[in-house]
Amino acid sequence: DQQGVPVQELACDLKTESVAEAWQIPSAIKHVHIATNKPKDPRVLSLKSVLLLRNLSVWTWEDLALPVDSKPVESLARDGSLIGVYEQILAIEAEAFLPAWPSSWDSTVIDQRAWEGKRNAEWQSQFIFNSTANWSSKGSKPC
């Protein structure tokens, strides 16, 4: 509770860019991948700027120059399936993960990270569970 504002409302008002400004990123991390199906979205560009100011190398799927199934990356349609699966694997295996909320995509990543014992994943998983249970019991919708 901050100045009488319920925690769930604060969580809904938080934007990834704002959280990234305060995120305690381990010093060993130098590269950040932003998993998104909208790489040109103003919020993604804003997030990139925030991370670049922190002297991090920032990239999206489109920045990769790797062929997948003999197709150049740019020829793969941004349909949210194939590329999304590859990005989930990157996020699951990453040293650190900053999820968006609410997001079933991120929930899947967090569940896998928790199962693998990744840093902060158990806490993130519990937060999602508690938030969902809290909203469900009050009959309101998350964010």
# chains A, B, ... in the order shown; residues from 1 in each chain; ligands from 1
>>> residues_around(residues="Val32 (chain A)", least_positions_apart="3", cutoff="8 Å", atoms="only C-alpha atoms", output="ChimeraX atom specification")
/A:29,51,56-59
>>> write_last_selection(atoms="N, CA and C atoms", output="mmCIF file, in the first residue's frame")
data_model
loop_
_atom_site.group_PDB
_atom_site.id
_atom_site.type_symbol
_atom_site.label_atom_id
_atom_site.label_comp_id
_atom_site.auth_asym_id
_atom_site.auth_seq_id
_atom_site.Cartn_x
_atom_site.Cartn_y
_atom_site.Cartn_z
ATOM 1 N N ILE A 29 25.556 -9.171 -16.068
ATOM 2 C CA ILE A 29 24.685 -9.105 -17.245
ATOM 3 C C ILE A 29 25.027 -7.870 -18.065
ATOM 4 N N LEU A 51 17.418 0.991 -21.068
ATOM 5 C CA LEU A 51 18.457 -0.029 -20.876
ATOM 6 C C LEU A 51 19.793 0.410 -21.474
ATOM 7 N N LEU A 56 23.841 -1.203 -21.278
ATOM 8 C CA LEU A 56 23.556 -2.585 -21.635
ATOM 9 C C LEU A 56 23.392 -2.683 -23.147
ATOM 10 N N SER A 57 23.772 -3.816 -23.689
ATOM 11 C CA SER A 57 23.529 -4.102 -25.093
ATOM 12 C C SER A 57 22.100 -4.640 -25.181
ATOM 13 N N VAL A 58 21.254 -3.999 -25.987
ATOM 14 C CA VAL A 58 19.836 -4.341 -26.042
ATOM 15 C C VAL A 58 19.478 -4.810 -27.445
ATOM 16 N N TRP A 59 18.728 -5.921 -27.526
ATOM 17 C CA TRP A 59 18.340 -6.412 -28.835
ATOM 18 C C TRP A 59 16.978 -7.090 -28.799
#
>>> atom_distance(atom1="CA of Lys40 (chain A)", atom2="CA of Glu87 (chain A)")
16.7 Å
>>> atom_distance(atom1="CA of Asp106 (chain A)", atom2="CA of Val50 (chain A)")
20.6 Å
>>> residues_around(residues="Phe97 (chain A)", least_positions_apart="2", cutoff="9 Å", atoms="only C-alpha atoms", output="PyMOL selection string")
chain A and resi 91-92+94-95+99+109-110+113+119-121
